[in-house]
Each structure stands twice: as C-alpha cells, then as structure tokens.
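So the structure is just underneath, and the comments pick up after that.
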Amino acid sequence: MRKYSIMVAFAAVFAVSVLAAQEPEQTASVPEAEVIGSATYAEQSTAPEGQHAAGTVTKSSVVTRLNLQLSDRILHTTVMDYSQPAELAAVAEKCAAGEPDECYFSYKAFENSEDPAVAARANLELSILSLQRGLVKQALAYIDKAASLAPEDPFVELTRGWTLFAAGKYKKARQSFANMLYLTADFEYASSAKLGTALAYYFEGEDELAASDFQYIYTSNPYLISFSAYMMGRIASERKDSRKLAPVFLQQALNHDGHNYPAMQLLAKLSEKEKENKTASFQYYSTLYSQDPTNKDVYKKVEKYAKDLKAKPEDYLFFLRLDEPIVQDMPSTPSQKIKMALYADRWQQPVQLQSVSVKPSGVMGVYDERLGEVLKSPSYVTRVLEFNPQTKGVDFKDTRGHVEFSARRPFVIRTDKDEKTLLVKDVSAKDLFSADFSDKELKGSLLVIPSEDGILLVNEANLEDLIPGLLATQARDMRQEPALQALAVVFRAALKEAAQQNADKPYHITDNDVYFKFKGINLTVQAMLAAAASSRGLELSGTDLGYYASCGTVSYDTVANTEDRPDYSYSPANLAKYMISNPPADLYSAPENPTQWSAVKWIYLYDGEEIAARVNERAEIGKLRALVPQKLSPQGRVLTMRFEGSKGSYTAATPQEVDYLLSAGTLRSTFFDFVPMYKGKNIERVLLRGYDTGTGVGLCVSGAAGLAKDGSDYQGIIKYYFPNARILNTQTGELH
C-alpha cells in the first residue's frame, strides 16, 4: 500500500506543478505564517472553482499539503547578517587573496579568544574551511565548539547540520536541522534545513520520506524546483512502481534549468532501457560527451548507439541546419573590420575542419592572395570545401564532387555585393562533439586557411554588421530597446578593444569567446537591427568592459542590481549565508516566470568520481579528497581551485577550468559554496549552491532588461553598470 501511495503522490505533485507553471496568474499570495519551522510554508488552495474539465487532475483534488504557496514577502525577505568581528574581517581578506593556508591558521589564532562572539565566529569559519580541506573530524569539532559558544545562532546550528550531513552522519544531521527550527521560523533557514533533511533521508535509504519532503519543496520553493524535480526523478528511477515517472521529472528539471547536468546524465541512462528509441539514447549521450569529451564511458555509449542510426550521426545531433540563407540581404555599415574565427571549442580555440559547404545569396567569388580572382559561383548554389590530407590543402568542389580549385595558401570567399550573405553549413570535423557545428549565415568575407590538420575559417566583417548577430545570441528573448541599445554599446566597445589587443594575430575573436557568442545573423530580429542602428556612433570608454547573463545582488564589480543593497562582506561563512539568502523583491534580473529562478539561484549535485576522472586526465591525483578554493574575487567567486587526491593534487588556474573540472563545463558561474559529501576519506559527491549566470563583470543582461522596464534609457543602464564610464557620441561630439 505504501509503495502505491508514493507513485500516486509523485503523479499528483507533477500535476500540481504543471498547472502552477501554466497558470501563474491564478496563483495568489498568502499571509506570512507566524509559526515555527516547516509550517512557515503557508497553505492555501488557489485553483478557481468550476474551471476544470471533468476527469482532469485539479489542484483542489490533490492532497492539501501539496497546495502550498508563499507570499512574495516571505520569498524576497532576507534576515541574513553579514557583519563579522573587526579582528576577523582582516582574516577574511587573506582568504580571498589566494592564501588558503594563512587564512586557515589566522582563524585558528582566534579559536580560543576570550571574547565568546569572536571565538564562536572563528570556530564557525574553521569548520567550513576544515571541511573543504578534507579534515572532517576537525570540522565537526569546530562546529560543535561554535554551537556551544553561540547556542542561539540559527546559522551555526544550520551549519552543524550540513557538516554532519557531509560526514555521512545523516540521523544526527536531521536532528540538527530540526533543532534549528526552534531558533528561527525564517524561510531562508527553514528552506535550507528542509533541503538538508530531504537529502539526509534519501542517502539513509528512506526514499519515501525523502520523496515526501522533495514533493513539498517542489511545490513550495521556486528556487529549488529544478533540483527537487531531479531528486524526485532520481528516487522514482530507483523504484519499480514509479520508474515510468522518472523521465517526466527529469525533463521538468531540465525545463526549469537547462544547466542541470546530473538530470541529463540520469535521463541518458534511463533512455537506454527504452530499447525501441535508440536515437534518443544517442542524442542524450552525445550531449553529455560534447560537455565532457574525456569521459570514455560516455564515448563508448555514443559509438554504440551511432551504429544503430539510419543516417549520418551528425544528422541526429542538436545542430541548427539551414537549407537556404534566411536573411539574404542586410545593409552593410562601413566600419572597422573584425576577424572572427568560426567553430571554436570550449577553450575558445577554433576547430580544424575537414569539410564545409558555402551557399551565397549573391554571386560568389573566390580570391587567391597571389592569383586574384580564380572563379565565380552563382547565387544560391552550394560549393564544398574539403580538406585533402595528402596535399595538406583545400579542394573547392561543385555539388557533383568535381574539383574547381585547389589551394595550400589562404584564400578568400566573398559575394559581389556587400548586402548579400554567405551561409556556412554542413560542417564536419574529426570530433563531431568538439564544438557547435550548427549552420550559420554571415556578413562580410570568409578567409579559408589550410593547415596541417584541417581548415580554419575566419569571418572578416564590419564591426557594425556583427552587433545584431551578437545581440541575437546573447539576448535572444529581450525586446526592451534601451537594454538592447546598452548591450550594443558594450559590444561595440569590446569589439574595438579585442581588435586592438589582437591586431597582430590571425583573428581578433572567436565565435565562442567568453564575451562573444555568435551563432549567425540568421538569428537576428528587427529589434536587434534597430538597437544596433540607433546606438551607432556611441563609444564607451574609461571602464572595464564585460557582460553576463543574469545577476544576484553581489556581483564581481559590486553592482547590486537592486536598491535593497545587502551589507555583504566576504568570509567563508558569509558566502554560505549568501548562497541560501532570498533574492530581494526589486531585483532587476528577477524572471517574469516565477518558476524560472535558476539563472539567478541554483543548486547541483555532482559525482565525486567523475570530478576525479576529469582531474586525473590532467594530473594523477587518485581519489578525490579535498576541494580547496585558492584565489577568490573580493566577493568570494572562485578564480582558482586546488583538487587534492590520494596520490597528489592539481590546481585549476582559471574559472573556466574550475567550471569544467567540477561540472564538465555546465556550472552557471563560479560564485558558489559547496558541501563535500565524504565516504571515509574520499569525496563521494559534491553539493554546490550558487548565484548568477556568468562572470559577474560588467552589464547584466537580464538586469538591463529590468532597468528598462523601470524606465531607464540606455545611458542610465550603462551608467548603472559602468558608473565610471564615459559615453561619447562620435556624431555629435556629446560626452556623457
């Protein structure tokens, strides 16, 4: 009977979540509950009566405890206190400066301070640092001492719960989470305790109790929808009676957060059991392999399912394919030339291509650097460029395979009229998963460079002609003109800076740079063209450039994205506090859909053995035993990290490398804290809690949209994100 009930409950909670997501306008706010613990989640049925067809599952037909909603005041109020004793503030600065050992031992100097408040805080910080260093027993001793010195501090008790959880002491962890609920009824604390309790139940093997708590979280906490959906999918996948529901929950997890790599992994494994749909298995494993090309087990799966496909494997990958140029005609604006290498990999290195097709919307000419024009090709007729491994050159072929031109020197392809376009398509490489090989339409010319291993493509285009395509890739869903104008100004300045810095190199940028993602002008819409045109002539200077997708209240460059600015200062404990804090109600980057918070606030659970495998590809460290942040930003973003193992250690030297080693490159940002979950001396899993999507430097794209909705013009948006910047209108000479 109990097994049947969990399956029904899974189905019911899914029905509730779908209805809530589809009908957000019917969700009512409720008064804050003045009670302790999990009862903070106030109950109210929100489904209008008489608006559901007979036989459908309605909100009112589901168990009442699943009909939970929270008022905006509860969801967007924070009680976090980031103050710290003055003598410990200087220690925190050492921690952020890339001195982890000095940081640790500096805190130890205060662990027995005569001031109980200083001693409690020092022991709290030491507990967090000890856990990162793999010193689990010491971490437990420090947090116990902190709790004895500050018995009324809910954060200390919450941290004790998570420390016990990390040590695998799940029953004691649950007790500590329960004890904390007697110290505060605040949503931030109760939410973290509820999550810890659910996870403790799961890893104890109490899947029904875990499922019950995750169902509760799923329907009541918008910040944990994706993660709780993943965990319910994980639980369902392990039970015969509810296994069919697992893919549904995992797909929900990905719908709410496309970066949820563990959900994709589990979905791939489950797809293998559906033997009649091997195409799906190939696509899932191909996606995983494209993220983590060092994973040999995943590659074997890709090879296995590729054999069962009825066409070429690349035809089943998630690449954009275009038969014809879409834009065809786009006015060209004379401006500085930008050289952009195409089809760059995750490390921003252009892939050596084996073949590629080009289809122009106008008459196309081929120009050799010594011979001049060597041939012409009609509009809308495809030509194939194929690497010849014997000659180390490029053969230019017609659609029948006849070679029309061969070269071992670079040559240029361009149309006869500037407004015409080139469609680059059907790209192939030795490794199909090394880059996004989608078709893309281009302005300007195409420089073809033969090399020892393949073909390098460089698009040379007018700077102004690139901006609409960059906007289309980075702000596809944004329509607020001031926000698009502001981003266009940032792109213009950043492109000029890149051209200046890389003037002596074969290309200035790639189509997969940290700040430049370009998928072609085929994605542009009128709003992007208008923003580029209306901001033309505006130059930004006097500031560090950059942009990122979404933002919380603590950015790298201290822009708060809210008028309700938190009084945040870094320490290991303050970072952990921030990661469980509520975003404020006036956060400019808040999503319109209240179930889509993952770009701002997220949580993931990664496998320790997989992390170790990626690190071991670079240096033999053996089993993973510690994750030690080295250099941090002043706010606590991880810039470098040391991975310690049973046989050695390795330090990831950049945020991009940290991202790759921890998550196969799927982390939204490196602004996170983490709970390493130990089994003996080794890390079995890592729970990451984070904020933001991107680098935290410069203009926040979603924040710019929020400022525009509040009435800011493009100059106001730029001044907000670049307070020290100068905006020069080159047409009028006006300086802002």
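All residue names refer to the structure tokens as shown: chains lettered A, B, ... in order, residues numbered from 1 in each chain, ligands numbered from 1 in order.
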Residues of segment 386-483 of chain A in alpha helix (DSSP H) according to DSSP, as a ChimeraX atom specification?
/A:463-474,481-483
For N, CA, C and O atoms, I'd like the residues from the last selection saved as a PDB file, in the first residue's frame.
ATOM      1  N   LEU A 463      32.444  45.763 -38.146  1.00  0.00           N
ATOM      2  CA  LEU A 463      32.057  45.700 -36.733  1.00  0.00           C
ATOM      3  C   LEU A 463      30.560  45.910 -36.558  1.00  0.00           C
ATOM      4  O   LEU A 463      29.898  45.168 -35.821  1.00  0.00           O
ATOM      5  N   GLU A 464      30.010  46.920 -37.198  1.00  0.00           N
ATOM      6  CA  GLU A 464      28.592  47.227 -37.021  1.00  0.00           C
ATOM      7  C   GLU A 464      27.693  46.108 -37.551  1.00  0.00           C
ATOM      8  O   GLU A 464      26.578  45.918 -37.065  1.00  0.00           O
ATOM      9  N   ASP A 465      28.183  45.349 -38.526  1.00  0.00           N
ATOM     10  CA  ASP A 465      27.379  44.258 -39.074  1.00  0.00           C
ATOM     11  C   ASP A 465      27.342  43.047 -38.144  1.00  0.00           C
ATOM     12  O   ASP A 465      26.460  42.192 -38.257  1.00  0.00           O
ATOM     13  N   LEU A 466      28.311  42.965 -37.233  1.00  0.00           N
ATOM     14  CA  LEU A 466      28.350  41.846 -36.298  1.00  0.00           C
ATOM     15  C   LEU A 466      27.418  42.045 -35.106  1.00  0.00           C
ATOM     16  O   LEU A 466      26.931  41.075 -34.516  1.00  0.00           O
ATOM     17  N   ILE A 467      27.179  43.288 -34.730  1.00  0.00           N
ATOM     18  CA  ILE A 467      26.458  43.565 -33.486  1.00  0.00           C
ATOM     19  C   ILE A 467      25.058  42.949 -33.449  1.00  0.00           C
ATOM     20  O   ILE A 467      24.682  42.335 -32.442  1.00  0.00           O
ATOM     21  N   PRO A 468      24.244  43.048 -34.503  1.00  0.00           N
ATOM     22  CA  PRO A 468      22.909  42.417 -34.416  1.00  0.00           C
ATOM     23  C   PRO A 468      22.980  40.916 -34.154  1.00  0.00           C
ATOM     24  O   PRO A 468      22.168  40.378 -33.388  1.00  0.00           O
ATOM     25  N   GLY A 469      23.949  40.231 -34.785  1.00  0.00           N
ATOM     26  CA  GLY A 469      24.086  38.798 -34.561  1.00  0.00           C
ATOM     27  C   GLY A 469      24.524  38.479 -33.142  1.00  0.00           C
ATOM     28  O   GLY A 469      24.075  37.491 -32.543  1.00  0.00           O
ATOM     29  N   LEU A 470      25.407  39.297 -32.581  1.00  0.00           N
ATOM     30  CA  LEU A 470      25.819  39.103 -31.190  1.00  0.00           C
ATOM     31  C   LEU A 470      24.651  39.337 -30.242  1.00  0.00           C
ATOM     32  O   LEU A 470      24.467  38.604 -29.260  1.00  0.00           O
ATOM     33  N   LEU A 471      23.845  40.353 -30.516  1.00  0.00           N
ATOM     34  CA  LEU A 471      22.659  40.608 -29.706  1.00  0.00           C
ATOM     35  C   LEU A 471      21.692  39.430 -29.781  1.00  0.00           C
ATOM     36  O   LEU A 471      21.097  39.032 -28.774  1.00  0.00           O
ATOM     37  N   ALA A 472      21.537  38.875 -30.985  1.00  0.00           N
ATOM     38  CA  ALA A 472      20.596  37.772 -31.163  1.00  0.00           C
ATOM     39  C   ALA A 472      21.012  36.552 -30.362  1.00  0.00           C
ATOM     40  O   ALA A 472      20.163  35.806 -29.859  1.00  0.00           O
ATOM     41  N   THR A 473      22.315  36.333 -30.220  1.00  0.00           N
ATOM     42  CA  THR A 473      22.795  35.178 -29.466  1.00  0.00           C
ATOM     43  C   THR A 473      22.733  35.415 -27.969  1.00  0.00           C
ATOM     44  O   THR A 473      22.338  34.539 -27.207  1.00  0.00           O
ATOM     45  N   GLN A 474      23.107  36.604 -27.536  1.00  0.00           N
ATOM     46  CA  GLN A 474      23.228  36.859 -26.100  1.00  0.00           C
ATOM     47  C   GLN A 474      21.949  37.394 -25.458  1.00  0.00           C
ATOM     48  O   GLN A 474      21.822  37.344 -24.238  1.00  0.00           O
ATOM     49  N   GLU A 481      14.070  48.044 -25.895  1.00  0.00           N
ATOM     50  CA  GLU A 481      15.024  48.760 -26.740  1.00  0.00           C
ATOM     51  C   GLU A 481      16.177  49.373 -25.956  1.00  0.00           C
ATOM     52  O   GLU A 481      17.341  49.251 -26.376  1.00  0.00           O
ATOM     53  N   PRO A 482      15.933  50.038 -24.802  1.00  0.00           N
ATOM     54  CA  PRO A 482      17.079  50.619 -24.071  1.00  0.00           C
ATOM     55  C   PRO A 482      18.097  49.565 -23.641  1.00  0.00           C
ATOM     56  O   PRO A 482      19.301  49.812 -23.683  1.00  0.00           O
ATOM     57  N   ALA A 483      17.618  48.395 -23.235  1.00  0.00           N
ATOM     58  CA  ALA A 483      18.537  47.336 -22.810  1.00  0.00           C
ATOM     59  C   ALA A 483      19.353  46.833 -23.990  1.00  0.00           C
ATOM     60  O   ALA A 483      20.566  46.606 -23.878  1.00  0.00           O
TER      61      ALA A 483
END
List the neighbours of segment 272-279 of chain A out to 9 Å using only C-alpha atoms; skip same-chain residues closer than 5 positions along the sequence, and give me the result as a PyMOL selection string.
chain A and resi 267+284+305-306+308-309+316
Please list as a PyMOL selection string every residue within 10 Å of Gly716 of chain A, counting only C-alpha atoms and excluding residues in the same chain fewer than 3 positions away.
chain A and resi 482-483+486+704+707-708+711-713+719-723
Could those residues be written to a file, using all heavy atoms, as a tab-separated table (two decimals), in the first residue's frame?
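Writing the result to again33.tsv gives the following:
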chain	number	residue	atom	x	y	z
A	482	PRO	N	15.93	50.04	-24.80
A	482	PRO	CA	17.08	50.62	-24.07
A	482	PRO	C	18.10	49.57	-23.64
A	482	PRO	O	19.30	49.81	-23.68
A	482	PRO	CB	16.42	51.28	-22.86
A	482	PRO	CG	15.00	51.55	-23.28
A	482	PRO	CD	14.65	50.40	-24.17
A	483	ALA	N	17.62	48.40	-23.23
A	483	ALA	CA	18.54	47.34	-22.81
A	483	ALA	C	19.35	46.83	-23.99
A	483	ALA	O	20.57	46.61	-23.88
A	483	ALA	CB	17.76	46.19	-22.17
A	486	ALA	N	21.96	49.46	-24.87
A	486	ALA	CA	23.08	49.46	-23.92
A	486	ALA	C	24.01	48.30	-24.21
A	486	ALA	O	25.25	48.46	-24.21
A	486	ALA	CB	22.54	49.37	-22.49
A	704	ALA	N	19.67	44.56	-17.12
A	704	ALA	CA	19.43	45.68	-18.04
A	704	ALA	C	17.97	45.69	-18.49
A	704	ALA	O	17.35	46.75	-18.60
A	704	ALA	CB	20.35	45.58	-19.24
A	707	LEU	N	15.95	47.10	-15.63
A	707	LEU	CA	16.09	48.56	-15.54
A	707	LEU	C	15.28	49.26	-16.62
A	707	LEU	O	14.66	50.30	-16.39
A	707	LEU	CB	17.56	48.95	-15.65
A	707	LEU	CG	18.43	48.72	-14.41
A	707	LEU	CD1	19.91	48.83	-14.77
A	707	LEU	CD2	18.08	49.72	-13.32
A	708	ALA	N	15.28	48.67	-17.83
A	708	ALA	CA	14.50	49.25	-18.92
A	708	ALA	C	13.01	49.24	-18.60
A	708	ALA	O	12.29	50.20	-18.88
A	708	ALA	CB	14.77	48.49	-20.22
A	711	GLY	N	11.98	52.06	-16.59
A	711	GLY	CA	12.01	53.37	-17.23
A	711	GLY	C	13.38	53.92	-17.55
A	711	GLY	O	13.48	55.06	-18.04
A	712	SER	N	14.45	53.18	-17.30
A	712	SER	CA	15.79	53.68	-17.61
A	712	SER	C	16.04	53.68	-19.11
A	712	SER	O	15.62	52.77	-19.82
A	712	SER	CB	16.85	52.81	-16.93
A	712	SER	OG	16.79	52.92	-15.53
A	713	ASP	N	16.72	54.73	-19.61
A	713	ASP	CA	17.15	54.71	-21.00
A	713	ASP	C	18.51	54.03	-21.08
A	713	ASP	O	19.07	53.60	-20.07
A	713	ASP	CB	17.19	56.12	-21.59
A	713	ASP	CG	18.17	57.04	-20.86
A	713	ASP	OD1	19.00	56.55	-20.06
A	713	ASP	OD2	18.10	58.26	-21.09
A	719	LYS	N	25.30	53.71	-17.23
A	719	LYS	CA	25.84	54.37	-16.04
A	719	LYS	C	25.65	53.51	-14.79
A	719	LYS	O	26.46	53.54	-13.86
A	719	LYS	CB	25.18	55.74	-15.85
A	719	LYS	CG	25.76	56.83	-16.73
A	719	LYS	CD	27.22	57.10	-16.36
A	719	LYS	CE	27.82	58.23	-17.17
A	719	LYS	NZ	29.25	58.42	-16.82
A	720	TYR	N	24.55	52.74	-14.77
A	720	TYR	CA	24.30	51.89	-13.60
A	720	TYR	C	25.35	50.78	-13.52
A	720	TYR	O	25.91	50.53	-12.46
A	720	TYR	CB	22.90	51.27	-13.68
A	720	TYR	CG	22.54	50.47	-12.46
A	720	TYR	CD1	22.03	51.07	-11.32
A	720	TYR	CD2	22.75	49.09	-12.42
A	720	TYR	CE1	21.72	50.34	-10.18
A	720	TYR	CE2	22.45	48.34	-11.29
A	720	TYR	CZ	21.93	48.97	-10.18
A	720	TYR	OH	21.63	48.25	-9.05
A	721	TYR	N	25.63	50.14	-14.65
A	721	TYR	CA	26.56	49.02	-14.64
A	721	TYR	C	28.02	49.44	-14.83
A	721	TYR	O	28.93	48.68	-14.49
A	721	TYR	CB	26.17	48.00	-15.71
A	721	TYR	CG	24.97	47.19	-15.27
A	721	TYR	CD1	23.73	47.37	-15.86
A	721	TYR	CD2	25.07	46.27	-14.24
A	721	TYR	CE1	22.62	46.64	-15.45
A	721	TYR	CE2	23.97	45.54	-13.81
A	721	TYR	CZ	22.75	45.73	-14.42
A	721	TYR	OH	21.67	45.02	-13.98
A	722	PHE	N	28.23	50.64	-15.37
A	722	PHE	CA	29.59	51.16	-15.54
A	722	PHE	C	29.62	52.58	-14.98
A	722	PHE	O	29.67	53.55	-15.73
A	722	PHE	CB	29.99	51.16	-17.02
A	722	PHE	CG	29.88	49.82	-17.69
A	722	PHE	CD1	28.78	49.51	-18.47
A	722	PHE	CD2	30.87	48.87	-17.55
A	722	PHE	CE1	28.67	48.29	-19.10
A	722	PHE	CE2	30.78	47.63	-18.18
A	722	PHE	CZ	29.67	47.33	-18.95
A	723	PRO	N	29.59	52.72	-13.67
A	723	PRO	CA	29.46	54.06	-13.07
A	723	PRO	C	30.61	55.01	-13.40
A	723	PRO	O	30.43	56.22	-13.32
A	723	PRO	CB	29.40	53.76	-11.56
A	723	PRO	CG	29.95	52.38	-11.40
A	723	PRO	CD	29.62	51.65	-12.65
Quick one: residues within 9 Å of segment 551-554 of chain A, only C-alpha atoms counted, chain neighbours fewer than 4 positions away excluded, as a list in words?
Thr558, Val559, Ala560, Asn561, Thr562, Asp564, Arg565, Pro566, Tyr568, Tyr578, Pro583, Pro584, Leu587, Tyr588, Ser589, Ala590, Ala599, Val600, Lys601, Gln635, Tyr691, Asp692, Thr693, Gly694, Gly696, Cys700, Val701, Ser702 and Gly703 of chain A
Extract the full set of strand (DSSP E) residues from segment 416-612 of chain A according to DSSP on the backbone, and format it as a ChimeraX atom specification.
/A:422-429,440-442,445-450,455-462,509-510,538-541,547-548,601-607
Would you pick out the contacts of Lys269 of chain A at 9 Å or less, using only C-alpha atoms, so that residues sharing its chain but fewer than 5 positions from it are not included, and give the list as a PyMOL selection string?
chain A and resi 264+281+284-285
Mind dumping the selected residues with C-alpha atoms as an mmCIF file, in the first residue's frame?
data_model
loop_
_atom_site.group_PDB
_atom_site.id
_atom_site.type_symbol
_atom_site.label_atom_id
_atom_site.label_comp_id
_atom_site.auth_asym_id
_atom_site.auth_seq_id
_atom_site.Cartn_x
_atom_site.Cartn_y
_atom_site.Cartn_z
ATOM 1 C CA MET A 264 20.688 14.967 -18.261
ATOM 2 C CA SER A 281 19.966 7.496 -26.268
ATOM 3 C CA TYR A 284 21.451 12.284 -24.801
ATOM 4 C CA TYR A 285 24.888 10.682 -24.681
#
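The nearest approach to Asp453 of chain A among the residues A:Lys440, A:Arg239, A:Lys392, A:Arg160, with only C-alpha atoms taken into account, belongs to A:Lys392.
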Give me, as JSON, numbers by chain, all polymer residues having an atom no more than 8 Å from segment 140-143 of chain A, counting only C-alpha atoms and skipping those fewer than 5 positions away in the same chain.
{"A": [123, 124, 126, 127, 156, 159, 160, 163, 164]}
So which residues touch Thr695 of chain A within 9 Å, counting only C-alpha atoms, skipping near sequence neighbours fewer than 6 positions away, as a PyMOL selection string?
chain A and resi 514+546-549+555-556+637+655+669-671
Same residues, C-alpha atoms, saved as a PDB file, in the first residue's frame:
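See result.pdb below for the written result:
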ATOM      1  CA  VAL A 514      33.682  34.258 -23.060  1.00  0.00           C
ATOM      2  CA  GLY A 546      32.137  42.884 -19.920  1.00  0.00           C
ATOM      3  CA  TYR A 547      28.649  41.467 -19.661  1.00  0.00           C
ATOM      4  CA  TYR A 548      26.967  38.384 -18.253  1.00  0.00           C
ATOM      5  CA  ALA A 549      23.552  36.761 -18.457  1.00  0.00           C
ATOM      6  CA  SER A 555      28.414  40.957  -8.461  1.00  0.00           C
ATOM      7  CA  TYR A 556      32.153  40.793  -9.117  1.00  0.00           C
ATOM      8  CA  ARG A 637      33.905  33.950  -6.537  1.00  0.00           C
ATOM      9  CA  PRO A 655      37.416  29.991 -13.575  1.00  0.00           C
ATOM     10  CA  SER A 669      29.006  30.625 -12.632  1.00  0.00           C
ATOM     11  CA  THR A 670      31.851  30.113 -10.189  1.00  0.00           C
ATOM     12  CA  PHE A 671      30.078  32.091  -7.468  1.00  0.00           C
TER      13      PHE A 671
END
